[in-house]
Amino acid sequence: MPLAGIGILALWLLAIRDYDLFHLFDYLALGAGVAAYLILEPSKNENLRSHRFEALRWGLAIALMWSSLEKFAYPDWFYPLILEKPFLTFGLPRDVFIPMAGVAEFTMGFGLLWTPLIRRLSAIALIIIFTAAVWPFGRVDLIGHGLIMAILVAVACDQCRVTHFLPSLKIHLSAIPGGIAAALVVFATGYWGLHFAFYGASSFTGPATIEKATHSHNPEQPHGPISDTGIGAPPTK
């Protein structure tokens, strides 16, 4: 298991070869959380081992909060999904729904870091959302989010009743809006600060040199390159 954890981190480092480091930050916290779990699980030190699920939860929470900011920084990435499946917006205008989805994702990710009850409720809400997404997007979506859903099930079923980080603050209901606001300031500052450091004030990331896709495209999955005759990957010989 420790070797598998080290391997996950090595795969992330290997991906830097082909993809921008900035856009790989989405997966760093999640990968680090899973790696920490795999390293801590077989540990003979029970004090360290007791934090294995906490590492998973923090890794997923940070990944969700960080990736939610893409809906503000790159809303045009989500336009094709809405054009293809307009029912996703529940009748809301496109440019209203996308930032609302970002706020919801950030808030539920933040909820995974709060008290035992709130983190369970956040995990259950996210499980429902990810499960519902399988219906319009199919098994590729299930495979892609399978690890996240497994972690959410572990969070929802976790029997731990202890809050290790700022327990005296989290018991107060009034601390929730302040906590969300503080987390948003920290993450937004980090996201746009790093974005500026990587790409400069113009935010130009450079032209795409080659189209990358995770699967072959067909009428059910129309995103990405299309052939001369319409939807579908160009034929291979």
# chains A, B, ... in the order shown; residues from 1 in each chain; ligands from 1
call {"tool": "closest_atom_pairs", "arguments": {"of": "segment 49-159 of chain A", "to": "segment 171-177 of chain A", "cutoff": "12 Å", "atoms": "only C-alpha atoms", "output": "CSV"}}
result
residue,atom,partner,partner_atom,distance
A:Thr107,CA,A:Pro177,CA,10.0
A:Phe110,CA,A:Ile176,CA,9.7
A:Gly111,CA,A:Ile176,CA,9.2
A:Leu113,CA,A:Ile176,CA,11.0
A:Trp114,CA,A:Ile176,CA,8.5
A:Thr115,CA,A:Ile171,CA,7.4
A:Pro116,CA,A:Ile171,CA,10.4
A:Leu117,CA,A:Ile171,CA,10.9
A:Ile118,CA,A:Ile176,CA,10.4
call {"tool": "residues_around", "arguments": {"residues": "segment 91-105 of chain A", "least_positions_apart": "4", "cutoff": "10 Å", "atoms": "only C-alpha atoms", "output": "list in words"}}
result
Ala61, Leu64, Met65, Trp66, Ser67, Ser68, Leu69, Glu70, Lys71, Phe72, Ala73, Tyr74, Pro75, Asp76, Phe78, Tyr79, Ile82, Leu83, Pro86, Phe87, Gly109, Phe110, Gly111, Ser122, Leu126 and Leu184 of chain A
call {"tool": "write_last_selection", "arguments": {"atoms": "N, CA, C and O atoms", "output": "compact mmCIF listing (two decimals), in the first residue's frame"}}
result
# COMPACT_ATOMS: atom_id res chain seq x y z
N ALA A 61 -11.74 17.49 -0.08
CA ALA A 61 -12.31 18.82 0.17
C ALA A 61 -11.52 19.91 -0.53
O ALA A 61 -12.08 20.79 -1.20
N LEU A 64 -12.05 19.73 -4.34
CA LEU A 64 -13.35 20.25 -4.76
C LEU A 64 -13.38 21.77 -4.70
O LEU A 64 -13.89 22.44 -5.62
N MET A 65 -12.86 22.34 -3.63
CA MET A 65 -12.88 23.80 -3.50
C MET A 65 -11.99 24.46 -4.56
O MET A 65 -12.36 25.49 -5.13
N TRP A 66 -10.85 23.86 -4.84
CA TRP A 66 -9.95 24.43 -5.84
C TRP A 66 -10.57 24.32 -7.24
O TRP A 66 -10.60 25.29 -7.99
N SER A 67 -11.07 23.14 -7.58
CA SER A 67 -11.62 22.95 -8.93
C SER A 67 -12.90 23.74 -9.14
O SER A 67 -13.25 24.08 -10.28
N SER A 68 -13.63 24.07 -8.08
CA SER A 68 -14.85 24.86 -8.23
C SER A 68 -14.56 26.24 -8.80
O SER A 68 -15.41 26.85 -9.46
N LEU A 69 -13.35 26.75 -8.58
CA LEU A 69 -13.00 28.08 -9.06
C LEU A 69 -12.85 28.13 -10.58
O LEU A 69 -12.85 29.20 -11.18
N GLU A 70 -12.72 26.95 -11.22
CA GLU A 70 -12.69 26.91 -12.68
C GLU A 70 -13.98 27.45 -13.29
O GLU A 70 -13.98 27.98 -14.40
N LYS A 71 -15.08 27.30 -12.57
CA LYS A 71 -16.37 27.77 -13.09
C LYS A 71 -16.44 29.28 -13.11
O LYS A 71 -17.32 29.85 -13.77
N PHE A 72 -15.53 29.94 -12.40
CA PHE A 72 -15.43 31.40 -12.46
C PHE A 72 -14.31 31.82 -13.41
O PHE A 72 -14.44 32.81 -14.13
N ALA A 73 -13.20 31.09 -13.40
CA ALA A 73 -12.06 31.45 -14.24
C ALA A 73 -12.24 31.04 -15.69
O ALA A 73 -11.81 31.75 -16.60
N TYR A 74 -12.88 29.89 -15.93
CA TYR A 74 -13.04 29.37 -17.28
C TYR A 74 -14.49 28.92 -17.52
O TYR A 74 -14.74 27.74 -17.80
N PRO A 75 -15.45 29.81 -17.42
CA PRO A 75 -16.86 29.38 -17.60
C PRO A 75 -17.13 28.83 -18.99
O PRO A 75 -18.01 27.99 -19.16
N ASP A 76 -16.34 29.27 -19.99
CA ASP A 76 -16.58 28.80 -21.36
C ASP A 76 -16.26 27.32 -21.52
O ASP A 76 -16.72 26.70 -22.48
N PHE A 78 -17.54 25.09 -19.82
CA PHE A 78 -18.77 24.37 -19.50
C PHE A 78 -19.89 24.67 -20.50
O PHE A 78 -20.95 24.05 -20.42
N TYR A 79 -19.66 25.61 -21.41
CA TYR A 79 -20.69 25.95 -22.39
C TYR A 79 -21.09 24.77 -23.27
O TYR A 79 -22.28 24.56 -23.51
N ILE A 82 -23.65 22.53 -21.56
CA ILE A 82 -24.98 23.13 -21.44
C ILE A 82 -25.68 23.17 -22.80
O ILE A 82 -26.90 22.97 -22.88
N LEU A 83 -24.93 23.39 -23.87
CA LEU A 83 -25.53 23.35 -25.20
C LEU A 83 -26.01 21.95 -25.54
O LEU A 83 -27.05 21.76 -26.15
N PRO A 86 -29.18 21.00 -22.18
CA PRO A 86 -29.67 22.26 -21.57
C PRO A 86 -30.49 22.05 -20.31
O PRO A 86 -30.63 22.97 -19.51
N PHE A 87 -31.03 20.84 -20.09
CA PHE A 87 -31.83 20.60 -18.89
C PHE A 87 -31.00 20.69 -17.62
O PHE A 87 -31.55 20.83 -16.51
N GLY A 109 -17.66 21.25 -0.65
CA GLY A 109 -16.29 20.86 -0.36
C GLY A 109 -15.85 21.39 1.00
O GLY A 109 -15.22 20.68 1.79
N PHE A 110 -16.20 22.64 1.27
CA PHE A 110 -15.89 23.23 2.58
C PHE A 110 -16.60 22.46 3.70
O PHE A 110 -16.03 22.27 4.78
N GLY A 111 -17.82 22.02 3.45
CA GLY A 111 -18.56 21.26 4.45
C GLY A 111 -17.87 19.99 4.89
O GLY A 111 -18.04 19.53 6.03
N SER A 122 -22.75 16.96 3.81
CA SER A 122 -22.09 17.38 2.57
C SER A 122 -21.73 16.17 1.72
O SER A 122 -21.92 16.19 0.49
N LEU A 126 -23.20 15.34 -2.02
CA LEU A 126 -22.30 15.15 -3.16
C LEU A 126 -22.47 13.77 -3.79
O LEU A 126 -22.39 13.63 -5.02
N LEU A 184 -12.86 31.07 1.05
CA LEU A 184 -12.97 31.60 -0.32
C LEU A 184 -11.86 32.60 -0.61
O LEU A 184 -11.27 32.60 -1.69
call {"tool": "closest_residue", "arguments": {"among": "A:Leu14, A:Val185, A:Leu40, A:Ala132", "to": "Leu56 of chain A", "atoms": "only C-alpha atoms"}}
result
A:Leu40
call {"tool": "closest_residue", "arguments": {"among": "A:Thr89, A:Thr131, A:Thr189, A:Ser50", "to": "Asp158 of chain A", "atoms": "only C-alpha atoms"}}
result
A:Ser50
call {"tool": "select_by_dssp", "arguments": {"residues": "segment 7-108 of chain A", "states": "helix (DSSP H, G or I)", "output": "number ranges by chain"}}
result
A: 7-15, 21-40, 46-49, 52-68, 70-73, 75-84, 86-89, 94-108
call {"tool": "residues_around", "arguments": {"residues": "Gly144 of chain A", "least_positions_apart": "5", "cutoff": "12 Å", "atoms": "only C-alpha atoms", "output": "list of chain:residue names"}}
result
A:Phe130, A:Thr131, A:Ala133, A:Val134, A:Phe137, A:Gly138, A:Arg139, A:Met149, A:Ala150, A:Thr214, A:His215
call {"tool": "atom_distance", "arguments": {"atom1": "atom CA of Leu169 of chain A", "atom2": "atom CA of Leu121 of chain A"}}
result
19.1 Å
call {"tool": "closest_residue", "arguments": {"among": "A:Phe22, A:Asp141, A:Trp12, A:Gly7", "to": "Tyr199 of chain A", "atoms": "only C-alpha atoms"}}
result
A:Phe22
call {"tool": "atom_distance", "arguments": {"atom1": "atom CA of Glu84 of chain A", "atom2": "atom CA of Ile128 of chain A"}}
result
21.9 Å
